[in-house]
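The data block below is run22.cif; it holds mmCIF, C-alpha atoms.
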```cif
data_upload
loop_
_atom_site.label_atom_id
_atom_site.label_comp_id
_atom_site.auth_asym_id
_atom_site.auth_seq_id
_atom_site.Cartn_x
_atom_site.Cartn_y
_atom_site.Cartn_z
CA MET H 68 -38.27 22.04 -217.51
CA ASP H 69 -34.70 23.26 -217.77
CA LYS H 70 -35.77 26.86 -218.05
CA GLN H 71 -38.39 28.34 -215.78
CA GLU H 72 -41.24 29.71 -217.88
CA ILE H 73 -43.41 32.67 -217.01
CA PHE H 74 -46.81 34.06 -217.82
CA PRO H 75 -46.88 37.43 -219.62
CA ASP H 76 -46.84 39.50 -216.40
CA GLY H 77 -43.84 37.59 -215.04
CA THR H 78 -45.72 35.12 -212.86
CA VAL H 79 -43.99 31.73 -212.88
CA ILE H 80 -45.86 28.96 -214.68
CA ASP H 81 -46.57 26.42 -211.96
CA LYS H 82 -45.30 22.85 -212.33
CA TRP H 83 -48.95 21.72 -212.33
CA PHE H 84 -49.17 22.80 -215.99
CA TYR H 85 -46.43 20.31 -216.99
CA ASP H 86 -48.04 17.22 -215.50
CA ILE H 87 -50.04 15.75 -218.39
CA ASN H 88 -50.40 12.21 -217.10
CA ILE H 89 -53.78 10.74 -217.97
CA PRO H 90 -55.33 8.37 -215.43
CA GLU H 91 -55.92 4.76 -216.39
CA LEU H 92 -59.29 3.15 -215.86
CA SER H 93 -57.80 1.21 -212.95
CA ASP H 94 -56.95 4.51 -211.23
CA LEU H 95 -60.56 5.72 -211.09
CA GLY H 96 -62.01 3.45 -208.42
CA LYS H 97 -64.69 0.79 -208.41
CA GLN H 98 -66.08 0.22 -211.89
CA TYR H 99 -69.78 0.47 -212.69
CA VAL H 100 -70.16 -0.82 -216.25
CA LEU H 101 -73.34 0.24 -218.04
CA THR H 102 -74.03 -3.16 -219.59
CA ASP H 103 -73.69 -4.89 -216.22
CA ASN H 104 -76.46 -2.66 -214.91
CA ASN H 105 -79.27 -3.01 -217.45
CA VAL H 106 -78.10 -0.15 -219.72
CA LEU H 107 -77.94 -1.61 -223.21
CA ASP H 108 -77.15 -0.55 -226.76
CA ASP H 109 -80.83 -0.74 -227.71
CA ASP H 110 -81.83 2.74 -228.97
CA LYS H 111 -83.75 3.43 -225.74
CA ILE H 112 -83.19 6.44 -223.47
CA HIS H 113 -81.48 5.25 -220.28
CA THR H 114 -81.26 8.48 -218.27
CA LYS H 115 -82.88 7.07 -215.14
CA GLU H 116 -80.78 3.90 -215.09
CA ILE H 117 -77.47 5.75 -215.61
CA GLN H 118 -78.34 8.39 -213.00
CA ASN H 119 -79.23 5.64 -210.52
CA LEU H 120 -75.81 4.12 -211.19
CA ILE H 121 -74.08 7.46 -210.53
CA ASP H 122 -76.06 7.85 -207.30
CA ARG H 123 -75.22 4.32 -206.17
CA ALA H 124 -71.51 4.85 -206.86
CA TYR H 125 -71.62 8.06 -204.82
CA GLU H 126 -73.40 6.37 -201.91
CA ASN H 127 -70.79 3.59 -201.96
CA GLY H 128 -67.89 6.02 -201.68
CA GLY H 129 -67.18 6.78 -205.33
CA GLY H 130 -65.94 5.02 -208.44
CA VAL H 131 -66.23 5.28 -212.20
CA ILE H 132 -69.11 4.91 -214.65
CA VAL H 133 -67.78 2.84 -217.57
CA VAL H 134 -69.28 3.15 -221.03
CA PRO H 135 -68.25 0.04 -223.01
CA LYS H 136 -68.23 -0.44 -226.75
CA GLY H 137 -71.62 0.43 -228.23
CA THR H 138 -73.97 3.42 -228.29
CA TYR H 139 -75.97 4.33 -225.18
CA LEU H 140 -78.66 7.03 -225.23
CA THR H 141 -79.33 9.35 -222.31
CA GLY H 142 -80.63 12.73 -221.24
CA ALA H 143 -79.02 14.99 -218.65
CA LEU H 144 -76.74 13.27 -216.12
CA PHE H 145 -75.53 14.79 -212.85
CA PHE H 146 -72.19 13.57 -211.52
CA LYS H 147 -71.34 13.75 -207.85
CA GLN H 148 -68.20 13.93 -205.73
CA GLY H 149 -65.94 10.95 -206.26
CA VAL H 150 -67.78 9.58 -209.31
CA ASN H 151 -65.86 9.70 -212.59
CA LEU H 152 -66.67 8.87 -216.21
CA TYR H 153 -64.69 6.58 -218.52
CA ILE H 154 -65.70 5.85 -222.11
CA GLU H 155 -63.94 2.93 -223.72
CA ASP H 156 -62.67 2.97 -227.29
CA GLY H 157 -65.72 2.32 -229.47
CA GLY H 158 -68.07 3.45 -226.74
CA VAL H 159 -70.50 6.31 -227.38
CA LEU H 160 -72.56 8.14 -224.79
CA LYS H 161 -75.15 9.81 -226.99
CA GLY H 162 -77.46 12.60 -225.95
CA SER H 163 -81.18 12.66 -226.50
CA ASP H 164 -82.34 15.13 -229.14
CA ASP H 165 -85.51 15.87 -227.12
CA ILE H 166 -85.20 19.01 -224.95
CA TYR H 167 -87.59 17.48 -222.41
CA ASP H 168 -84.72 15.18 -221.38
CA TYR H 169 -82.77 18.22 -220.08
CA PRO H 170 -84.46 19.72 -217.00
CA ILE H 171 -84.29 23.46 -216.37
CA MET H 172 -81.94 24.45 -213.54
CA GLN H 173 -80.29 27.55 -212.15
CA THR H 174 -77.13 27.71 -214.22
CA ARG H 175 -74.74 29.98 -216.08
CA MET H 176 -75.35 30.89 -219.71
CA GLU H 177 -73.99 33.66 -221.93
CA GLY H 178 -72.49 35.65 -219.07
CA GLU H 179 -75.54 35.52 -216.81
CA THR H 180 -76.74 33.37 -213.94
CA CYS H 181 -80.22 32.31 -214.91
CA PRO H 182 -82.63 29.40 -215.28
CA TYR H 183 -81.69 27.38 -218.34
CA PHE H 184 -81.50 23.81 -219.56
CA SER H 185 -79.03 21.43 -217.99
CA ALA H 186 -76.22 19.99 -220.09
CA LEU H 187 -75.81 16.38 -221.11
CA ILE H 188 -72.96 15.97 -218.58
CA ASN H 189 -73.25 18.10 -215.44
CA ALA H 190 -70.86 18.22 -212.47
CA ASP H 191 -71.08 20.80 -209.67
CA ASN H 192 -68.85 21.02 -206.60
CA VAL H 193 -66.74 18.02 -207.55
CA ASP H 194 -63.06 17.99 -206.63
CA GLY H 195 -60.94 15.68 -208.77
CA PHE H 196 -63.61 14.88 -211.37
CA LYS H 197 -62.21 12.95 -214.34
CA MET H 198 -63.70 12.30 -217.78
CA CYS H 199 -61.40 10.03 -219.78
CA GLY H 200 -61.19 7.24 -222.32
CA LYS H 201 -60.79 6.88 -226.07
CA GLY H 202 -64.54 6.93 -226.69
CA THR H 203 -67.09 9.58 -227.64
CA ILE H 204 -69.66 11.86 -226.07
CA ASP H 205 -72.04 12.78 -228.89
CA GLY H 206 -74.59 15.54 -228.36
CA ASN H 207 -76.77 14.41 -231.27
CA GLY H 208 -77.49 18.06 -232.07
CA LEU H 209 -78.67 17.93 -235.69
CA LYS H 210 -82.36 18.33 -234.88
CA SER H 211 -81.82 21.52 -232.85
CA TRP H 212 -79.39 22.98 -235.42
CA ARG H 213 -82.00 22.65 -238.12
CA ALA H 214 -84.68 24.10 -235.83
CA PHE H 215 -82.44 27.06 -234.94
CA TRP H 216 -81.87 28.08 -238.56
CA LEU H 217 -85.56 27.65 -239.33
CA ARG H 218 -86.40 29.87 -236.34
CA CYS H 219 -83.96 32.49 -237.67
CA GLU H 220 -85.80 32.52 -240.98
CA TRP H 221 -89.07 33.13 -239.13
CA ASN H 222 -87.55 35.69 -236.71
CA PRO H 223 -84.15 37.12 -237.74
CA ASN H 224 -83.90 38.83 -234.33
CA CYS H 225 -84.11 35.64 -232.30
CA THR H 226 -81.36 35.04 -229.72
CA ASN H 227 -79.14 32.03 -229.22
CA LYS H 228 -81.29 30.96 -226.27
CA ASP H 229 -84.56 31.10 -228.17
CA GLU H 230 -84.03 27.69 -229.72
CA GLN H 231 -84.11 25.43 -226.69
CA ARG H 232 -80.93 23.35 -226.70
CA PRO H 233 -78.51 21.99 -224.11
CA ARG H 234 -74.74 22.19 -223.82
CA LEU H 235 -72.69 19.00 -223.99
CA VAL H 236 -70.63 19.41 -220.79
CA TYR H 237 -71.09 21.89 -217.91
CA ILE H 238 -68.73 21.76 -214.93
CA SER H 239 -69.06 24.37 -212.18
CA ASN H 240 -67.53 25.26 -208.80
CA SER H 241 -65.00 22.47 -209.14
CA SER H 242 -61.25 21.92 -208.94
CA ASN H 243 -58.61 19.50 -210.19
CA VAL H 244 -60.69 18.43 -213.18
CA THR H 245 -59.27 16.34 -216.03
CA ILE H 246 -60.93 15.88 -219.43
CA ALA H 247 -58.69 13.65 -221.53
CA ASP H 248 -58.53 11.57 -224.72
CA LEU H 249 -62.25 11.92 -225.46
CA HIS H 250 -64.08 12.78 -228.66
CA LEU H 251 -66.62 15.49 -227.77
CA GLN H 252 -68.86 16.18 -230.73
CA ASN H 253 -72.12 17.40 -232.21
CA SER H 254 -73.23 19.50 -229.25
CA HIS H 255 -76.57 21.29 -229.52
CA TYR H 256 -75.01 24.47 -228.03
CA TRP H 257 -71.65 25.18 -226.34
CA THR H 258 -69.57 21.99 -226.27
CA THR H 259 -67.73 22.32 -222.96
CA HIS H 260 -68.36 25.06 -220.40
CA ILE H 261 -66.44 25.42 -217.15
CA TYR H 262 -67.60 28.01 -214.61
CA LYS H 263 -65.90 29.10 -211.37
CA CYS H 264 -63.43 26.23 -211.61
CA HIS H 265 -59.71 26.07 -211.00
CA HIS H 266 -56.99 23.66 -212.10
CA VAL H 267 -58.75 22.16 -215.12
CA LYS H 268 -56.92 20.19 -217.82
CA TYR H 269 -58.06 19.33 -221.32
CA ILE H 270 -55.55 16.83 -222.76
CA ASN H 271 -55.61 15.04 -226.13
CA CYS H 272 -59.28 15.83 -226.76
CA ASN H 273 -60.94 15.99 -230.16
CA ILE H 274 -63.74 18.56 -230.10
CA PHE H 275 -65.87 18.81 -233.21
CA SER H 276 -69.07 20.27 -234.60
CA PRO H 277 -69.80 20.80 -238.30
CA ALA H 278 -69.82 24.04 -240.26
CA LYS H 279 -71.48 22.26 -243.21
CA PRO H 280 -73.74 21.06 -244.67
CA ILE H 281 -75.81 22.07 -241.61
CA LYS H 282 -74.03 24.65 -239.45
CA ALA H 283 -73.94 23.79 -235.76
CA PRO H 284 -74.68 27.23 -234.26
CA SER H 285 -72.82 28.53 -231.19
CA THR H 286 -71.00 25.27 -230.53
CA ASP H 287 -67.88 26.79 -228.91
CA ALA H 288 -65.27 24.13 -228.12
CA VAL H 289 -64.06 25.40 -224.73
CA ASP H 290 -65.87 28.16 -222.79
CA ILE H 291 -63.80 29.31 -219.81
CA ASP H 292 -65.97 31.37 -217.47
CA VAL H 293 -64.51 32.90 -214.25
CA CYS H 294 -61.77 30.26 -213.99
CA THR H 295 -58.11 30.13 -213.00
CA ASP H 296 -55.31 27.75 -213.96
CA VAL H 297 -56.60 26.02 -217.07
CA LEU H 298 -54.55 23.95 -219.52
CA VAL H 299 -55.71 23.03 -223.03
CA LYS H 300 -53.02 20.82 -224.57
CA ASN H 301 -52.62 18.52 -227.58
CA CYS H 302 -56.24 18.96 -228.62
CA TYR H 303 -57.92 19.09 -232.01
CA LEU H 304 -60.54 21.85 -232.14
CA GLU H 305 -62.98 22.28 -235.03
CA VAL H 306 -66.33 23.94 -234.33
CA ASN H 307 -68.80 26.31 -235.92
CA ASP H 308 -68.00 29.13 -233.49
CA ASP H 309 -65.08 30.06 -231.24
CA SER H 310 -62.59 27.38 -230.23
CA VAL H 311 -61.24 28.70 -226.91
CA VAL H 312 -63.29 31.60 -225.62
CA LEU H 313 -62.97 33.48 -222.32
CA LYS H 314 -66.24 34.47 -220.67
CA GLY H 315 -66.96 36.10 -217.31
CA GLY H 316 -70.04 38.31 -217.39
CA LYS H 317 -71.79 41.00 -219.37
CA GLY H 318 -73.80 44.14 -218.74
CA PRO H 319 -73.13 47.71 -217.58
CA TRP H 320 -72.44 46.66 -213.97
CA ALA H 321 -70.93 43.25 -214.74
CA ASP H 322 -67.69 43.97 -212.88
CA LYS H 323 -69.61 44.55 -209.64
CA LEU H 324 -71.60 41.31 -209.55
CA PRO H 325 -70.26 38.45 -207.40
CA GLU H 326 -71.23 35.76 -209.93
CA ASN H 327 -68.87 37.36 -212.48
CA GLY H 328 -65.10 37.65 -212.46
CA SER H 329 -61.71 37.07 -214.01
CA ASN H 330 -60.04 34.35 -216.01
CA GLU H 331 -56.36 34.07 -215.09
CA ARG H 332 -53.44 31.81 -215.96
CA ILE H 333 -54.85 30.11 -219.04
CA LEU H 334 -52.42 28.11 -221.21
CA ILE H 335 -53.45 26.75 -224.63
CA GLU H 336 -50.62 24.94 -226.39
CA ASP H 337 -49.67 22.31 -228.97
CA CYS H 338 -53.15 22.18 -230.48
CA THR H 339 -54.41 21.88 -234.04
CA TYR H 340 -57.35 23.93 -235.22
CA GLY H 341 -59.76 23.05 -237.97
CA PHE H 342 -62.43 25.57 -238.92
CA CYS H 343 -63.52 27.99 -236.20
CA HIS H 344 -64.61 31.61 -235.82
CA GLY H 345 -61.99 32.50 -233.21
CA CYS H 346 -58.86 30.61 -232.14
CA LEU H 347 -58.55 32.66 -228.95
CA THR H 348 -61.48 34.96 -228.19
CA CYS H 349 -62.03 37.37 -225.31
CA GLY H 350 -65.78 37.98 -225.05
CA SER H 351 -68.47 38.43 -225.99
CA GLU H 352 -69.34 38.17 -222.29
CA SER H 353 -66.14 38.89 -220.40
CA VAL H 354 -64.96 41.43 -217.84
CA HIS H 355 -61.31 40.59 -217.08
CA ASN H 356 -58.77 38.22 -218.64
CA LYS H 357 -55.15 38.16 -217.49
CA ASN H 358 -52.11 35.99 -218.16
CA ILE H 359 -53.33 34.14 -221.22
CA ILE H 360 -50.95 32.21 -223.51
CA LEU H 361 -51.76 30.67 -226.89
CA ARG H 362 -48.70 28.98 -228.34
CA ARG H 363 -47.42 26.33 -230.75
CA ILE H 364 -50.67 26.17 -232.70
CA ASN H 365 -51.28 24.91 -236.21
CA ILE H 366 -54.34 26.35 -237.95
CA LYS H 367 -55.82 24.56 -240.94
CA GLU H 368 -58.64 27.06 -241.41
CA GLY H 369 -60.15 29.79 -239.24
CA LYS H 370 -61.61 33.27 -239.19
CA ASN H 371 -59.71 35.06 -236.39
CA LEU H 372 -56.48 34.21 -234.59
CA LEU H 373 -56.80 36.70 -231.71
CA TRP H 374 -60.25 38.23 -231.35
CA LEU H 375 -61.00 40.85 -228.73
CA LYS H 376 -64.74 41.51 -228.69
CA MET H 377 -65.29 44.95 -227.14
CA ARG H 378 -68.83 45.27 -225.78
CA PRO H 379 -69.93 48.91 -225.45
CA ASP H 380 -72.33 47.95 -222.65
CA THR H 381 -69.77 46.08 -220.50
CA PRO H 382 -66.60 47.24 -218.68
CA GLN H 383 -63.75 44.99 -219.85
CA HIS H 384 -60.03 44.64 -219.28
CA TYR H 385 -58.00 42.23 -221.39
CA GLU H 386 -54.35 42.22 -220.32
CA TYR H 387 -51.11 40.25 -220.49
CA ILE H 388 -51.99 38.09 -223.46
CA SER H 389 -49.33 36.30 -225.51
CA VAL H 390 -49.89 34.65 -228.90
CA GLU H 391 -46.75 32.94 -230.14
CA ASP H 392 -45.39 30.30 -232.49
CA ILE H 393 -48.48 30.08 -234.67
CA ASN H 394 -48.60 28.84 -238.24
CA GLY H 395 -51.37 28.27 -240.73
CA LYS H 396 -54.24 29.96 -242.55
CA ILE H 397 -56.56 32.51 -240.95
CA ASP H 398 -58.88 35.23 -242.21
CA SER H 399 -57.78 37.90 -239.68
CA PHE H 400 -54.54 37.78 -237.72
CA ILE H 401 -55.90 40.18 -235.10
CA ASN H 402 -59.47 41.45 -234.81
CA ILE H 403 -60.45 44.18 -232.33
CA ASN H 404 -63.82 45.78 -232.95
CA PRO H 405 -66.97 46.81 -231.09
CA TRP H 406 -69.28 43.87 -230.38
CA THR H 407 -72.92 44.92 -230.17
CA GLN H 408 -74.82 41.62 -230.20
CA PHE H 409 -77.78 41.98 -227.80
CA TYR H 410 -76.41 45.38 -226.71
CA ASP H 411 -78.17 46.73 -223.59
CA LEU H 412 -76.93 49.55 -221.35
CA LYS H 413 -80.01 49.10 -219.13
CA ASP H 414 -80.18 52.07 -216.74
CA ARG H 415 -76.56 53.18 -217.19
CA LYS H 416 -76.24 56.58 -218.89
CA ASP H 417 -72.57 56.47 -219.87
CA ILE H 418 -70.68 53.92 -221.92
CA PRO H 419 -68.27 52.06 -219.58
CA LEU H 420 -64.68 52.45 -220.72
CA SER H 421 -62.76 49.25 -221.50
CA TYR H 422 -59.07 48.46 -221.93
CA ALA H 423 -56.79 46.02 -223.73
CA ASP H 424 -53.09 46.21 -222.98
CA ASN H 425 -49.84 44.29 -222.74
CA VAL H 426 -50.60 42.05 -225.71
CA VAL H 427 -47.76 40.27 -227.54
CA MET H 428 -47.97 38.47 -230.88
CA LYS H 429 -44.66 36.93 -231.94
CA ASN H 430 -42.92 34.19 -233.89
CA CYS H 431 -45.83 33.53 -236.26
CA GLU H 432 -45.96 32.53 -239.90
CA CYS H 433 -49.49 32.89 -241.26
CA GLU H 434 -51.43 33.35 -244.45
CA CYS H 435 -54.31 35.80 -243.96
CA ASN H 436 -56.97 37.73 -245.75
CA THR H 437 -56.43 40.66 -243.36
CA PHE H 438 -53.42 41.15 -241.11
CA PHE H 439 -54.68 43.98 -238.90
CA ASP H 440 -58.45 44.36 -238.42
CA VAL H 441 -58.55 46.89 -235.60
CA LYS H 442 -60.98 49.74 -235.15
CA THR H 443 -60.06 52.69 -232.94
CA ASP H 444 -62.83 54.04 -230.71
CA GLU H 445 -61.44 55.61 -227.55
CA SER H 446 -64.91 56.67 -226.46
CA GLN H 447 -65.43 52.95 -225.80
CA TYR H 448 -62.02 51.31 -225.31
CA ILE H 449 -58.32 52.13 -225.11
CA LEU H 450 -55.67 49.87 -226.64
CA SER H 451 -52.10 50.20 -225.40
CA ASP H 452 -48.74 48.44 -225.11
CA PHE H 453 -49.01 45.93 -227.94
CA THR H 454 -45.92 44.18 -229.35
CA PHE H 455 -45.66 42.57 -232.80
CA GLU H 456 -42.40 40.65 -233.21
CA ASN H 457 -40.93 38.16 -235.68
CA LEU H 458 -44.00 37.86 -237.89
CA GLN H 459 -43.99 36.51 -241.43
CA ILE H 460 -47.43 37.31 -242.82
CA LYS H 461 -48.82 36.80 -246.30
CA ALA H 462 -52.03 38.86 -246.54
CA LYS H 463 -54.44 40.19 -249.12
CA VAL H 464 -54.94 43.30 -246.93
CA ASN H 465 -52.36 44.69 -244.52
CA GLY H 466 -54.56 47.22 -242.71
CA PHE H 467 -51.94 48.14 -240.13
CA ASP H 468 -52.46 51.49 -238.39
CA GLU H 469 -49.91 52.33 -235.69
CA ASN H 470 -52.22 55.10 -234.44
CA ALA H 471 -54.86 52.55 -233.44
CA ILE H 472 -52.80 51.50 -230.42
CA ARG H 473 -50.97 53.59 -227.86
CA ASN H 474 -47.32 52.57 -227.48
CA VAL H 475 -47.12 49.89 -230.14
CA LYS H 476 -43.80 48.09 -230.70
CA ILE H 477 -42.88 46.50 -234.03
CA GLU H 478 -39.80 44.38 -234.62
CA ASN H 479 -39.03 42.19 -237.62
CA VAL H 480 -42.54 42.15 -239.03
CA LYS H 481 -42.89 41.36 -242.72
CA VAL H 482 -46.30 41.55 -244.40
CA THR H 483 -46.32 40.39 -248.01
CA LEU H 484 -49.35 41.29 -250.11
#
```

Take the structure from the file and write it as structure tokens.
Amino acid sequence: MDKQEIFPDGTVIDKWFYDINIPELSDLGKQYVLTDNNVLDDDKIHTKEIQNLIDRAYENGGGVIVVPKGTYLTGALFFKQGVNLYIEDGGVLKGSDDIYDYPIMQTRMEGETCPYFSALINADNVDGFKMCGKGTIDGNGLKSWRAFWLRCEWNPNCTNKDEQRPRLVYISNSSNVTIADLHLQNSHYWTTHIYKCHHVKYINCNIFSPAKPIKAPSTDAVDIDVCTDVLVKNCYLEVNDDSVVLKGGKGPWADKLPENGSNERILIEDCTYGFCHGCLTCGSESVHNKNIILRRINIKEGKNLLWLKMRPDTPQHYEYISVEDINGKIDSFININPWTQFYDLKDRKDIPLSYADNVVMKNCECECNTFFDVKTDESQYILSDFTFENLQIKAKVNGFDENAIRNVKIENVKVTL
């Protein structure tokens, strides 16, 4: 880079973020090809055989599990240090649609550490884990989507966890992770979830779940949960929930628990968004997000560009966030409102005060239903030091209220109704 770039608080963007080289299959070590090891495209579940292959690769010092052209069915797989995954063009690793193929484990789900179902792809304490190739990981989630909506008809108060369904990818306590070139689709639940990881790259991925004819509920594309130094670049994101969402914990004492924490130095750039609920979302289970950049994004269709979910039962601080060089169609340009889903103050008597500050939205040209969807409630949260600059907005509703934010700066903002 000719010019040194910085995060919103002035921290220099490390050169690591500019290295977007994708490893070749030959770079990933000894190859363990499914079809050479009695795993066939035969409509049978091959969980045991594939897991044995992962274990053998690990015992032999590492390597790569290769999924060739064809469709191979499996339940939950657990990758180990030094064992990577490569899916060739035309290859599909397809998840079982039977929840019994996903054992319960101590994991992280919706801002809590708890027993829950394993994902299709699991990797814990792996340094340098790589998932690459031009192929597809397909969650095969249709059966659980239909069951979820049927359960909601029977019990409108059911939670997301009540319909038993796995995530597609869960990577935890890991570093130097690369997820590249893959099609990640049709997850039962969250599509990719990284927890307590650092230096993670998503490059050239296509992440998809349908919003119709059957909605794929809660299929977030990228859930970033207590992580630092994450790059999401050149990806296509279209899911029936939030695209990139920052997690980190929930509850009245969430900021005091060691399993919770901050997301810092997150860069999302040069991506295209299909339908989603939130392009960049803080919450609904999040305690601290700092130095977040969303830039050079094209939005085909979406509900919220920047969405700050303010939980009245959780202390939150969202700071140093920059949204820049965005174009496309969106329902709400900025949405900041109380978020009360599964609200529970437990034994806390007061409402913990939250903050959002040092937020910049600039150089955007968008068509919206609502430009400014922000509710003021200083008994719950304080908004301050927002900048809106060089915005060309066509909106049905302006909604702007300068009194909603302390110390708001406006420069060259044009909202056409």

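For the choices H:His250, H:His344, H:Lys147, H:Lys197, the atom-to-atom distance to Cys302 in chain H is smallest for H:His250 when using all atoms listed in the file.
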
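Excluding Asn402 in chain H and any residue on its chain fewer than 4 positions from it, the residues at most 8 Å away by all atoms listed in the file are Asn371, Leu372, Leu373, Trp374, Leu375, Phe439, Asp440 and Val441 of chain H.
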
Atom pair CA of Gly195 in chain H / CA of Leu251 in chain H: separation (Å): 19.8 Å

Report the residues retrieved by the PyMOL selection byres ((chain H and resi 300) around 6) from the displayed file, expressed as JSON, numbers by chain. {"H": [270, 299, 301, 302, 335, 336, 337]}

Residues within 12 Å of (-52.2, 47.8, -219.7), file coordinates, counting all atoms listed in the file: what are they? Give the list as a PDB file with C-alpha atoms, in the coordinates of the input.
```
ATOM      1  CA  PRO H  75     -46.880  37.430-219.620  1.00  0.00           C
ATOM      2  CA  ASP H  76     -46.840  39.500-216.400  1.00  0.00           C
ATOM      3  CA  HIS H 355     -61.310  40.590-217.080  1.00  0.00           C
ATOM      4  CA  ASN H 356     -58.770  38.220-218.640  1.00  0.00           C
ATOM      5  CA  LYS H 357     -55.150  38.160-217.490  1.00  0.00           C
ATOM      6  CA  ASN H 358     -52.110  35.990-218.160  1.00  0.00           C
ATOM      7  CA  GLN H 383     -63.750  44.990-219.850  1.00  0.00           C
ATOM      8  CA  HIS H 384     -60.030  44.640-219.280  1.00  0.00           C
ATOM      9  CA  TYR H 385     -58.000  42.230-221.390  1.00  0.00           C
ATOM     10  CA  GLU H 386     -54.350  42.220-220.320  1.00  0.00           C
ATOM     11  CA  TYR H 387     -51.110  40.250-220.490  1.00  0.00           C
ATOM     12  CA  ILE H 388     -51.990  38.090-223.460  1.00  0.00           C
ATOM     13  CA  SER H 421     -62.760  49.250-221.500  1.00  0.00           C
ATOM     14  CA  TYR H 422     -59.070  48.460-221.930  1.00  0.00           C
ATOM     15  CA  ALA H 423     -56.790  46.020-223.730  1.00  0.00           C
ATOM     16  CA  ASP H 424     -53.090  46.210-222.980  1.00  0.00           C
ATOM     17  CA  ASN H 425     -49.840  44.290-222.740  1.00  0.00           C
ATOM     18  CA  VAL H 426     -50.600  42.050-225.710  1.00  0.00           C
ATOM     19  CA  VAL H 427     -47.760  40.270-227.540  1.00  0.00           C
ATOM     20  CA  TYR H 448     -62.020  51.310-225.310  1.00  0.00           C
ATOM     21  CA  ILE H 449     -58.320  52.130-225.110  1.00  0.00           C
ATOM     22  CA  LEU H 450     -55.670  49.870-226.640  1.00  0.00           C
ATOM     23  CA  SER H 451     -52.100  50.200-225.400  1.00  0.00           C
ATOM     24  CA  ASP H 452     -48.740  48.440-225.110  1.00  0.00           C
ATOM     25  CA  PHE H 453     -49.010  45.930-227.940  1.00  0.00           C
ATOM     26  CA  ILE H 472     -52.800  51.500-230.420  1.00  0.00           C
ATOM     27  CA  ARG H 473     -50.970  53.590-227.860  1.00  0.00           C
ATOM     28  CA  ASN H 474     -47.320  52.570-227.480  1.00  0.00           C
ATOM     29  CA  VAL H 475     -47.120  49.890-230.140  1.00  0.00           C
TER      30      VAL H 475
END
```

I would like the residues chosen by the PyMOL selection byres ((chain H and resi 253-256) around 10) on the shown file; could you give them as a ChimeraX atom specification? /H:161-162,164,186-187,204-212,215,227-228,230-236,250-252,257-259,274-277,283-288,306

Output C-alpha atoms for every residue in that selection, as a CSV table (one decimal), in the coordinates of the input.
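out_21.csv, written as the output of this step:
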```csv
chain,number,residue,atom,x,y,z
H,161,LYS,CA,-75.2,9.8,-227.0
H,162,GLY,CA,-77.5,12.6,-226.0
H,164,ASP,CA,-82.3,15.1,-229.1
H,186,ALA,CA,-76.2,20.0,-220.1
H,187,LEU,CA,-75.8,16.4,-221.1
H,204,ILE,CA,-69.7,11.9,-226.1
H,205,ASP,CA,-72.0,12.8,-228.9
H,206,GLY,CA,-74.6,15.5,-228.4
H,207,ASN,CA,-76.8,14.4,-231.3
H,208,GLY,CA,-77.5,18.1,-232.1
H,209,LEU,CA,-78.7,17.9,-235.7
H,210,LYS,CA,-82.4,18.3,-234.9
H,211,SER,CA,-81.8,21.5,-232.8
H,212,TRP,CA,-79.4,23.0,-235.4
H,215,PHE,CA,-82.4,27.1,-234.9
H,227,ASN,CA,-79.1,32.0,-229.2
H,228,LYS,CA,-81.3,31.0,-226.3
H,230,GLU,CA,-84.0,27.7,-229.7
H,231,GLN,CA,-84.1,25.4,-226.7
H,232,ARG,CA,-80.9,23.4,-226.7
H,233,PRO,CA,-78.5,22.0,-224.1
H,234,ARG,CA,-74.7,22.2,-223.8
H,235,LEU,CA,-72.7,19.0,-224.0
H,236,VAL,CA,-70.6,19.4,-220.8
H,250,HIS,CA,-64.1,12.8,-228.7
H,251,LEU,CA,-66.6,15.5,-227.8
H,252,GLN,CA,-68.9,16.2,-230.7
H,257,TRP,CA,-71.6,25.2,-226.3
H,258,THR,CA,-69.6,22.0,-226.3
H,259,THR,CA,-67.7,22.3,-223.0
H,274,ILE,CA,-63.7,18.6,-230.1
H,275,PHE,CA,-65.9,18.8,-233.2
H,276,SER,CA,-69.1,20.3,-234.6
H,277,PRO,CA,-69.8,20.8,-238.3
H,283,ALA,CA,-73.9,23.8,-235.8
H,284,PRO,CA,-74.7,27.2,-234.3
H,285,SER,CA,-72.8,28.5,-231.2
H,286,THR,CA,-71.0,25.3,-230.5
H,287,ASP,CA,-67.9,26.8,-228.9
H,288,ALA,CA,-65.3,24.1,-228.1
H,306,VAL,CA,-66.3,23.9,-234.3
```

Starting from the PyMOL selection byres ((chain H and resi 391-401) around 8), expand the selection into actual residues of this file and give them as a ChimeraX atom specification. /H:360-374,389-390,402-403,427-441

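Between CA of Val193 in chain H and CA of Gln173 in chain H the separation is 17.2 Å.
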
Could you work out how far CA of Gln71 in chain H lies from CA of Glu478 in chain H, giving the answer in Å with one decimal?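 A separation of 24.8 Å between them.
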
Closest to Ala143 in chain H among H:Ile121, H:Ile188, H:Cys181, H:Cys338, using all atoms listed in the file?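 Distance minimum relative to Ala143 in chain H lands on H:Ile188.
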
For Cys346 in chain H, which residue out of H:Ile333, H:Cys294, H:Val159, H:Val289 is the nearest one, using all atoms listed in the file?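 So, comparing all the options, the nearest one is H:Val289.
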
Could you give me, as a PyMOL selection string, the residues within 9 Å of Ala124 in chain H, counting all atoms listed in the file and dropping anything in the same chain fewer than 2 positions from it? chain H and resi 97-99+119-122+126-132+147+149-150
